[in-house]
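Novice: This is final_25.txt, which holds compact mmCIF, N, CA and C atoms:
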# COMPACT_ATOMS: atom_id res chain seq x y z
N MET R 171 -16.84 7.43 10.45
CA MET R 171 -15.66 7.38 9.63
C MET R 171 -15.01 8.77 9.63
N THR R 172 -13.68 8.80 9.72
CA THR R 172 -12.98 10.07 9.75
C THR R 172 -12.77 10.60 8.34
N GLU R 173 -12.61 11.91 8.23
CA GLU R 173 -12.37 12.56 6.94
C GLU R 173 -10.97 12.22 6.47
N LYS R 174 -10.83 11.84 5.21
CA LYS R 174 -9.56 11.48 4.61
C LYS R 174 -8.76 12.73 4.31
N SER R 175 -7.51 12.76 4.77
CA SER R 175 -6.65 13.90 4.48
C SER R 175 -5.77 13.61 3.29
N ASP R 176 -5.80 14.53 2.30
CA ASP R 176 -4.96 14.38 1.12
C ASP R 176 -3.74 15.28 1.20
N SER R 177 -3.49 15.90 2.36
CA SER R 177 -2.42 16.89 2.44
C SER R 177 -1.08 16.32 2.86
N ALA R 178 -1.07 15.17 3.52
CA ALA R 178 0.20 14.58 3.96
C ALA R 178 0.04 13.07 4.10
N PRO R 179 1.10 12.33 3.81
CA PRO R 179 1.03 10.87 3.95
C PRO R 179 0.75 10.47 5.40
N ARG R 180 0.00 9.37 5.55
CA ARG R 180 -0.29 8.82 6.87
C ARG R 180 0.20 7.39 6.92
N GLY R 181 0.77 6.99 8.03
CA GLY R 181 1.16 5.60 8.23
C GLY R 181 2.65 5.37 8.12
N ASP R 182 3.01 4.10 8.05
CA ASP R 182 4.41 3.67 7.97
C ASP R 182 4.86 3.64 6.52
N LEU R 183 6.02 4.24 6.25
CA LEU R 183 6.60 4.15 4.92
C LEU R 183 7.05 2.71 4.69
N CYS R 184 6.55 2.10 3.61
CA CYS R 184 6.84 0.68 3.34
C CYS R 184 7.77 0.50 2.15
N ILE R 185 7.65 1.38 1.16
CA ILE R 185 8.45 1.24 -0.05
C ILE R 185 8.56 2.60 -0.71
N ARG R 186 9.70 2.84 -1.34
CA ARG R 186 9.89 4.07 -2.11
C ARG R 186 10.65 3.68 -3.37
N THR R 187 10.15 4.12 -4.53
CA THR R 187 10.77 3.74 -5.80
C THR R 187 10.58 4.85 -6.82
N LEU R 188 11.36 4.81 -7.85
CA LEU R 188 11.30 5.81 -8.91
C LEU R 188 10.55 5.23 -10.10
N ALA R 189 9.57 5.95 -10.60
CA ALA R 189 8.82 5.52 -11.79
C ALA R 189 9.71 5.69 -13.02
N MET R 190 9.88 4.62 -13.76
CA MET R 190 10.81 4.58 -14.89
C MET R 190 10.07 4.42 -16.22
N PRO R 191 10.74 4.73 -17.34
CA PRO R 191 10.10 4.60 -18.66
C PRO R 191 9.55 3.19 -18.94
N ALA R 192 10.19 2.16 -18.45
CA ALA R 192 9.72 0.79 -18.69
C ALA R 192 8.37 0.50 -18.02
N ASP R 193 7.93 1.39 -17.11
CA ASP R 193 6.69 1.18 -16.35
C ASP R 193 5.50 1.90 -16.96
N THR R 194 5.64 2.40 -18.21
CA THR R 194 4.57 3.20 -18.81
C THR R 194 3.57 2.36 -19.60
N ASN R 195 2.38 2.95 -19.78
CA ASN R 195 1.35 2.35 -20.62
C ASN R 195 1.46 2.93 -22.04
N ALA R 196 0.53 2.62 -22.89
CA ALA R 196 0.56 3.08 -24.28
C ALA R 196 0.46 4.60 -24.41
N ASN R 197 -0.06 5.28 -23.37
CA ASN R 197 -0.19 6.73 -23.40
C ASN R 197 1.04 7.45 -22.85
N GLY R 198 2.03 6.67 -22.36
CA GLY R 198 3.23 7.28 -21.81
C GLY R 198 3.16 7.60 -20.34
N ASP R 199 2.01 7.32 -19.70
CA ASP R 199 1.87 7.49 -18.25
C ASP R 199 2.26 6.18 -17.57
N ILE R 200 2.52 6.27 -16.27
CA ILE R 200 2.84 5.04 -15.54
C ILE R 200 1.61 4.15 -15.50
N PHE R 201 1.80 2.89 -15.84
CA PHE R 201 0.76 1.88 -15.90
C PHE R 201 0.17 1.66 -14.50
N GLY R 202 -1.16 1.69 -14.40
CA GLY R 202 -1.83 1.49 -13.11
C GLY R 202 -1.49 0.17 -12.47
N GLY R 203 -1.27 -0.87 -13.27
CA GLY R 203 -0.90 -2.18 -12.72
C GLY R 203 0.45 -2.15 -12.03
N TRP R 204 1.38 -1.35 -12.56
CA TRP R 204 2.69 -1.20 -11.91
C TRP R 204 2.51 -0.56 -10.54
N LEU R 205 1.69 0.49 -10.49
CA LEU R 205 1.46 1.18 -9.22
C LEU R 205 0.79 0.25 -8.22
N LEU R 206 -0.20 -0.49 -8.69
CA LEU R 206 -0.89 -1.44 -7.82
C LEU R 206 0.10 -2.49 -7.28
N SER R 207 1.01 -2.96 -8.12
CA SER R 207 1.98 -3.96 -7.66
C SER R 207 2.94 -3.37 -6.63
N GLN R 208 3.33 -2.11 -6.80
CA GLN R 208 4.20 -1.47 -5.80
C GLN R 208 3.47 -1.37 -4.46
N MET R 209 2.19 -1.02 -4.51
CA MET R 209 1.39 -0.94 -3.29
C MET R 209 1.28 -2.31 -2.63
N ASP R 210 1.09 -3.36 -3.44
CA ASP R 210 0.97 -4.72 -2.90
C ASP R 210 2.28 -5.16 -2.25
N VAL R 211 3.40 -4.84 -2.88
CA VAL R 211 4.71 -5.19 -2.30
C VAL R 211 4.88 -4.49 -0.95
N GLY R 212 4.63 -3.18 -0.93
CA GLY R 212 4.76 -2.43 0.31
C GLY R 212 3.80 -2.92 1.38
N GLY R 213 2.55 -3.17 0.99
CA GLY R 213 1.57 -3.69 1.94
C GLY R 213 1.93 -5.05 2.47
N GLY R 214 2.51 -5.89 1.60
CA GLY R 214 2.95 -7.22 2.03
C GLY R 214 4.07 -7.15 3.05
N VAL R 215 4.99 -6.21 2.86
CA VAL R 215 6.07 -6.01 3.83
C VAL R 215 5.47 -5.61 5.18
N PHE R 216 4.55 -4.66 5.15
CA PHE R 216 3.90 -4.20 6.37
C PHE R 216 3.09 -5.31 7.04
N ALA R 217 2.31 -6.05 6.24
CA ALA R 217 1.47 -7.12 6.78
C ALA R 217 2.31 -8.21 7.43
N SER R 218 3.41 -8.58 6.79
CA SER R 218 4.28 -9.62 7.37
C SER R 218 4.91 -9.15 8.67
N LYS R 219 5.25 -7.88 8.73
CA LYS R 219 5.82 -7.32 9.96
C LYS R 219 4.79 -7.37 11.10
N VAL R 220 3.55 -6.97 10.78
CA VAL R 220 2.49 -6.97 11.79
C VAL R 220 2.13 -8.40 12.21
N ALA R 221 1.97 -9.29 11.23
CA ALA R 221 1.54 -10.67 11.52
C ALA R 221 2.66 -11.54 12.07
N LYS R 222 3.91 -11.06 11.91
CA LYS R 222 5.08 -11.83 12.34
C LYS R 222 5.13 -13.19 11.65
N SER R 223 4.77 -13.18 10.35
CA SER R 223 4.77 -14.41 9.55
C SER R 223 4.72 -14.02 8.07
N ARG R 224 4.80 -15.04 7.22
CA ARG R 224 4.54 -14.81 5.80
C ARG R 224 3.08 -14.44 5.63
N THR R 225 2.80 -13.63 4.64
CA THR R 225 1.41 -13.29 4.33
C THR R 225 1.21 -13.35 2.82
N VAL R 226 -0.02 -13.55 2.41
CA VAL R 226 -0.38 -13.52 1.00
C VAL R 226 -1.57 -12.59 0.82
N THR R 227 -1.64 -11.95 -0.32
CA THR R 227 -2.75 -11.06 -0.65
C THR R 227 -3.96 -11.89 -1.03
N VAL R 228 -5.11 -11.59 -0.41
CA VAL R 228 -6.34 -12.31 -0.77
C VAL R 228 -7.42 -11.40 -1.33
N ALA R 229 -7.29 -10.09 -1.11
CA ALA R 229 -8.30 -9.18 -1.64
C ALA R 229 -7.75 -7.77 -1.74
N ILE R 230 -8.22 -7.06 -2.75
CA ILE R 230 -7.94 -5.64 -2.90
C ILE R 230 -9.28 -4.98 -3.13
N GLU R 231 -9.58 -3.97 -2.33
CA GLU R 231 -10.87 -3.31 -2.46
C GLU R 231 -10.71 -1.79 -2.38
N ALA R 232 -11.67 -1.10 -2.91
CA ALA R 232 -11.77 0.34 -2.81
C ALA R 232 -10.53 1.06 -3.34
N MET R 233 -9.99 0.57 -4.45
CA MET R 233 -8.85 1.26 -5.06
C MET R 233 -9.33 2.56 -5.70
N ASN R 234 -8.64 3.63 -5.38
CA ASN R 234 -8.95 4.94 -5.93
C ASN R 234 -7.72 5.47 -6.66
N PHE R 235 -7.79 5.50 -7.99
CA PHE R 235 -6.72 6.09 -8.77
C PHE R 235 -7.05 7.57 -8.93
N ARG R 236 -6.42 8.41 -8.14
CA ARG R 236 -6.77 9.83 -8.04
C ARG R 236 -6.05 10.71 -9.05
N LYS R 237 -4.77 10.45 -9.27
CA LYS R 237 -3.97 11.27 -10.17
C LYS R 237 -3.00 10.37 -10.93
N ALA R 238 -2.59 10.80 -12.10
CA ALA R 238 -1.62 10.05 -12.89
C ALA R 238 -0.24 10.11 -12.24
N VAL R 239 0.54 9.09 -12.51
CA VAL R 239 1.95 9.05 -12.10
C VAL R 239 2.76 9.13 -13.38
N TYR R 240 3.84 9.90 -13.34
CA TYR R 240 4.65 10.13 -14.53
C TYR R 240 6.07 9.60 -14.34
N VAL R 241 6.73 9.35 -15.46
CA VAL R 241 8.14 8.95 -15.43
C VAL R 241 8.92 10.00 -14.64
N GLY R 242 9.75 9.53 -13.74
CA GLY R 242 10.56 10.43 -12.91
C GLY R 242 9.95 10.76 -11.57
N ASP R 243 8.67 10.41 -11.36
CA ASP R 243 8.06 10.65 -10.05
C ASP R 243 8.66 9.69 -9.03
N LEU R 244 8.89 10.19 -7.82
CA LEU R 244 9.32 9.35 -6.71
C LEU R 244 8.06 8.88 -6.00
N VAL R 245 7.79 7.58 -6.04
CA VAL R 245 6.56 7.01 -5.49
C VAL R 245 6.85 6.38 -4.14
N SER R 246 6.08 6.78 -3.13
CA SER R 246 6.20 6.24 -1.78
C SER R 246 4.88 5.64 -1.36
N VAL R 247 4.93 4.47 -0.73
CA VAL R 247 3.72 3.78 -0.27
C VAL R 247 3.74 3.74 1.26
N TYR R 248 2.62 4.17 1.84
CA TYR R 248 2.46 4.21 3.29
C TYR R 248 1.32 3.27 3.69
N ALA R 249 1.46 2.63 4.86
CA ALA R 249 0.47 1.65 5.30
C ALA R 249 -0.06 1.98 6.69
N ASN R 250 -1.37 1.75 6.86
CA ASN R 250 -2.05 1.85 8.15
C ASN R 250 -2.83 0.56 8.37
N LEU R 251 -2.72 0.01 9.56
CA LEU R 251 -3.49 -1.17 9.91
C LEU R 251 -4.94 -0.78 10.16
N VAL R 252 -5.85 -1.46 9.46
CA VAL R 252 -7.28 -1.17 9.60
C VAL R 252 -7.95 -2.18 10.53
N ARG R 253 -7.67 -3.49 10.29
CA ARG R 253 -8.37 -4.54 11.03
C ARG R 253 -7.50 -5.78 11.12
N VAL R 254 -7.57 -6.44 12.28
CA VAL R 254 -6.91 -7.74 12.44
C VAL R 254 -8.00 -8.75 12.75
N GLY R 255 -8.08 -9.78 11.92
CA GLY R 255 -9.01 -10.88 12.15
C GLY R 255 -8.27 -12.07 12.72
N ARG R 256 -8.88 -13.23 12.66
CA ARG R 256 -8.24 -14.43 13.20
C ARG R 256 -7.02 -14.82 12.36
N THR R 257 -7.18 -14.89 11.03
CA THR R 257 -6.07 -15.26 10.15
C THR R 257 -5.70 -14.15 9.17
N SER R 258 -6.46 -13.08 9.14
CA SER R 258 -6.23 -12.04 8.13
C SER R 258 -6.05 -10.67 8.77
N LEU R 259 -5.53 -9.77 7.96
CA LEU R 259 -5.46 -8.37 8.38
C LEU R 259 -5.69 -7.49 7.16
N THR R 260 -6.34 -6.36 7.41
CA THR R 260 -6.64 -5.41 6.35
C THR R 260 -5.76 -4.18 6.57
N VAL R 261 -5.16 -3.73 5.47
CA VAL R 261 -4.22 -2.61 5.51
C VAL R 261 -4.70 -1.55 4.53
N HIS R 262 -4.76 -0.31 4.99
CA HIS R 262 -5.05 0.80 4.08
C HIS R 262 -3.72 1.32 3.55
N LEU R 263 -3.58 1.35 2.23
CA LEU R 263 -2.34 1.78 1.59
C LEU R 263 -2.58 3.08 0.83
N GLU R 264 -1.61 3.98 0.94
CA GLU R 264 -1.62 5.23 0.20
C GLU R 264 -0.34 5.30 -0.63
N ALA R 265 -0.48 5.65 -1.90
CA ALA R 265 0.68 5.89 -2.76
C ALA R 265 0.75 7.39 -3.01
N TRP R 266 1.91 7.96 -2.74
CA TRP R 266 2.16 9.39 -2.91
C TRP R 266 3.27 9.56 -3.93
N ALA R 267 3.13 10.56 -4.80
CA ALA R 267 4.15 10.83 -5.82
C ALA R 267 4.73 12.22 -5.60
N LEU R 268 6.05 12.26 -5.61
CA LEU R 268 6.76 13.53 -5.57
C LEU R 268 7.29 13.80 -6.97
N ARG R 269 6.76 14.80 -7.60
CA ARG R 269 7.14 15.13 -8.96
C ARG R 269 8.45 15.92 -8.98
N ARG R 270 9.20 15.77 -10.05
CA ARG R 270 10.45 16.52 -10.19
C ARG R 270 10.18 18.01 -10.06
N GLY R 271 11.01 18.67 -9.27
CA GLY R 271 10.88 20.11 -9.09
C GLY R 271 9.83 20.54 -8.09
N GLU R 272 9.07 19.60 -7.55
CA GLU R 272 8.04 19.93 -6.57
C GLU R 272 8.57 19.69 -5.15
N GLU R 273 7.95 20.36 -4.18
CA GLU R 273 8.37 20.20 -2.78
C GLU R 273 7.46 19.29 -1.98
N HIS R 274 6.21 19.14 -2.43
CA HIS R 274 5.23 18.38 -1.65
C HIS R 274 4.66 17.24 -2.50
N PRO R 275 4.56 16.04 -1.91
CA PRO R 275 4.01 14.92 -2.66
C PRO R 275 2.49 15.04 -2.82
N LEU R 276 1.96 14.30 -3.82
CA LEU R 276 0.53 14.25 -4.09
C LEU R 276 0.02 12.84 -3.84
N LEU R 277 -1.16 12.73 -3.22
CA LEU R 277 -1.79 11.44 -3.08
C LEU R 277 -2.28 11.00 -4.46
N VAL R 278 -1.76 9.88 -4.97
CA VAL R 278 -2.13 9.44 -6.31
C VAL R 278 -3.06 8.22 -6.29
N THR R 279 -2.92 7.37 -5.30
CA THR R 279 -3.74 6.15 -5.24
C THR R 279 -3.87 5.71 -3.79
N ASP R 280 -5.02 5.16 -3.43
CA ASP R 280 -5.16 4.52 -2.13
C ASP R 280 -6.17 3.39 -2.23
N GLY R 281 -6.13 2.50 -1.27
CA GLY R 281 -7.05 1.36 -1.24
C GLY R 281 -6.78 0.46 -0.06
N ASN R 282 -7.69 -0.48 0.14
CA ASN R 282 -7.57 -1.45 1.22
C ASN R 282 -7.16 -2.80 0.66
N PHE R 283 -6.14 -3.38 1.25
CA PHE R 283 -5.62 -4.68 0.85
C PHE R 283 -5.77 -5.62 2.04
N THR R 284 -6.23 -6.84 1.78
CA THR R 284 -6.36 -7.84 2.83
C THR R 284 -5.34 -8.95 2.60
N TYR R 285 -4.62 -9.28 3.65
CA TYR R 285 -3.59 -10.31 3.62
C TYR R 285 -3.94 -11.40 4.62
N VAL R 286 -3.54 -12.64 4.32
CA VAL R 286 -3.74 -13.76 5.22
C VAL R 286 -2.37 -14.24 5.69
N SER R 287 -2.26 -14.48 6.98
CA SER R 287 -1.05 -15.05 7.56
C SER R 287 -1.00 -16.53 7.21
N ILE R 288 0.17 -16.99 6.71
CA ILE R 288 0.29 -18.40 6.35
C ILE R 288 1.48 -19.05 7.05
N ASP R 289 1.38 -20.37 7.23
CA ASP R 289 2.46 -21.12 7.85
C ASP R 289 3.46 -21.58 6.79
N GLU R 290 4.43 -22.39 7.20
CA GLU R 290 5.48 -22.83 6.27
C GLU R 290 4.96 -23.74 5.16
N HIS R 291 3.73 -24.23 5.29
CA HIS R 291 3.11 -25.08 4.25
C HIS R 291 2.12 -24.30 3.39
N GLY R 292 2.04 -22.99 3.62
CA GLY R 292 1.14 -22.15 2.83
C GLY R 292 -0.30 -22.18 3.29
N ARG R 293 -0.56 -22.72 4.48
CA ARG R 293 -1.93 -22.78 5.01
C ARG R 293 -2.19 -21.61 5.95
N PRO R 294 -3.42 -21.10 5.96
CA PRO R 294 -3.74 -19.99 6.87
C PRO R 294 -3.45 -20.36 8.32
N GLN R 295 -2.95 -19.38 9.05
CA GLN R 295 -2.69 -19.57 10.48
C GLN R 295 -3.13 -18.31 11.22
N GLU R 296 -3.28 -18.41 12.53
CA GLU R 296 -3.70 -17.26 13.31
C GLU R 296 -2.65 -16.17 13.27
N VAL R 297 -3.13 -14.93 13.20
CA VAL R 297 -2.24 -13.77 13.25
C VAL R 297 -1.70 -13.67 14.66
N ARG R 298 -0.38 -13.52 14.77
CA ARG R 298 0.26 -13.45 16.08
C ARG R 298 0.44 -12.03 16.57
N SER R 299 -0.09 -11.07 15.83
CA SER R 299 0.12 -9.65 16.15
C SER R 299 -0.53 -9.26 17.47
N THR R 300 0.10 -8.31 18.12
CA THR R 300 -0.49 -7.70 19.32
C THR R 300 -0.86 -6.26 19.04
N GLU R 301 -0.65 -5.80 17.78
CA GLU R 301 -0.97 -4.43 17.42
C GLU R 301 -2.49 -4.27 17.31
N THR R 302 -2.94 -3.05 17.56
CA THR R 302 -4.36 -2.74 17.39
C THR R 302 -4.53 -1.88 16.16
N PRO R 303 -5.68 -1.94 15.52
CA PRO R 303 -5.90 -1.12 14.33
C PRO R 303 -5.71 0.36 14.63
N VAL R 304 -5.13 1.07 13.64
CA VAL R 304 -4.87 2.49 13.83
C VAL R 304 -5.58 3.37 12.82
N ALA R 305 -6.28 2.79 11.87
CA ALA R 305 -6.97 3.58 10.85
C ALA R 305 -8.32 2.94 10.52
N THR R 306 -9.19 3.74 9.93
CA THR R 306 -10.47 3.19 9.50
C THR R 306 -10.67 3.39 8.03
Once more with this new file: its structure as structure tokens, please.
Specialist:
Amino acid sequence: MTEKSDSAPRGDLCIRTLAMPADTNANGDIFGGWLLSQMDVGGGVFASKVAKSRTVTVAIEAMNFRKAVYVGDLVSVYANLVRVGRTSLTVHLEAWALRRGEEHPLLVTDGNFTYVSIDEHGRPQEVRSTETPVAT
């Protein structure tokens, strides 16, 4: 396994959004569930692009909440393809936050999300991708 770099985002930019006051928890920080949902949206976009079909999330594993996200942070989600199976694919997602007044983003959350390729009836189908995994 390769050493994880926390110094710069890796992968394809999938989504970028601004953390807003409505996304906070009782402590005034950005709610972890909001961040997880942004990662899932970005990962779903990436998975559908790779699979060339609709995809659904079937598993989330190894989520690491490393740093808090605050109101006003610009949150960007990056995706790397980890594995392609017969009907599923695993994507490593990184969420990076750029704080107001800062020049360099911080890795705030990462994890592996598994998506299944589905047909027009919502049933699993073979992944049509020709891409090879690029991350571990």
Novice: Between atom N of R:Asp193 and atom N of R:Thr225, what is the distance, to one decimal in Å?
Specialist: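 Going from atom N of R:Asp193 over to atom N of R:Thr225, I get 26.9 Å.
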Novice: Go through stretch 236-290 of chain R and flag each residue having an atom no more than 10 Å from stretch 174-185 of chain R; for those, report the closest pair of atoms plus their distance in Å to one decimal, using only C-alpha atoms, ordered by chain and rising number, as CSV.
Specialist:
residue,atom,partner,partner_atom,distance
R:Val245,CA,R:Ile185,CA,8.2
R:Ser246,CA,R:Ile185,CA,5.7
R:Val247,CA,R:Ile185,CA,5.4
R:Tyr248,CA,R:Leu183,CA,4.4
R:Ala249,CA,R:Gly181,CA,5.0
R:Asn250,CA,R:Gly181,CA,4.9
R:Leu251,CA,R:Gly181,CA,8.4
R:His262,CA,R:Gly181,CA,8.9
R:Leu263,CA,R:Gly181,CA,8.4
R:Glu264,CA,R:Pro179,CA,7.3
R:Ala265,CA,R:Pro179,CA,8.4
R:Trp266,CA,R:Pro179,CA,7.1
R:His274,CA,R:Ala178,CA,8.4
R:Pro275,CA,R:Ala178,CA,7.6
R:Leu276,CA,R:Asp176,CA,7.6
R:Leu277,CA,R:Asp176,CA,6.0
R:Val278,CA,R:Asp176,CA,9.4
Novice: Measuring between only N, CA and C atoms, which one of R:Val254, R:Val226, R:Met233, R:Ala238 shows the shortest distance to R:Asn282?
Specialist: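 Smallest separation from R:Asn282 among the options: R:Met233.
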Novice: I'd like to know which of R:Val228, R:Arg298, R:Phe283, R:Ala196 is closest to R:Val261, using only N, CA and C atoms.
Specialist: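 Nearest to R:Val261: R:Phe283.
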Novice: Going by DSSP on the backbone, which bits of stretch 181-287 of chain R are helix (DSSP H, G or I)? Write them as a list of chain:residue names, please.
Specialist: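 Helix (DSSP H, G or I) assignments inside stretch 181-287 of chain R correspond to R:Pro191, R:Ala192, R:Asp193, R:Gly202, R:Gly203, R:Trp204, R:Leu205, R:Leu206, R:Ser207, R:Gln208, R:Met209, R:Asp210, R:Val211, R:Gly212, R:Gly213, R:Gly214, R:Val215, R:Phe216, R:Ala217, R:Ser218, R:Lys219, R:Val220, R:Ala221.
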Novice: Residues within 5 Å of R:Asp243, please, as a list in words. Count all atoms listed in the file; anything in the same chain fewer than 6 positions from it doesn't count.
Specialist: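 That gives Leu188, Ala189, Leu268 and Arg269 of chain R.
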Novice: Can you tell me how far atom C of R:Thr187 sits from atom CA of R:Thr279, in Å to one decimal?
Specialist: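 Interatomic distance, atom C of R:Thr187 to atom CA of R:Thr279: 14.5 Å.
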Novice: Just the residues within 8 Å of R:Gln295, please, counting only C-alpha atoms, with nothing from its chain fewer than 6 positions along; format it as a PyMOL selection string.
Specialist: chain R and resi 257+286-289
Novice: Have a look at atom CA of R:Ile200 and atom CA of R:Gly212 and let me know their distance in Å, one decimal.
Specialist: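 Those two atoms sit 17.6 Å apart.
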Novice: Go through R:Leu259, R:Glu290, R:Ala192, R:Arg270 one by one, measure the shortest atom-to-atom distance of each to R:Ser218 using only C-alpha atoms, and give the residue with the smallest value.
Specialist: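 That would be R:Leu259, the residue with the smallest distance to R:Ser218.
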Novice: For R:Tyr240, which of R:Asp199, R:Asp280, R:Glu273, R:Asp210 is the closest residue, counting only C-alpha atoms?
Specialist: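 So, comparing all the options, the nearest one is R:Asp199.
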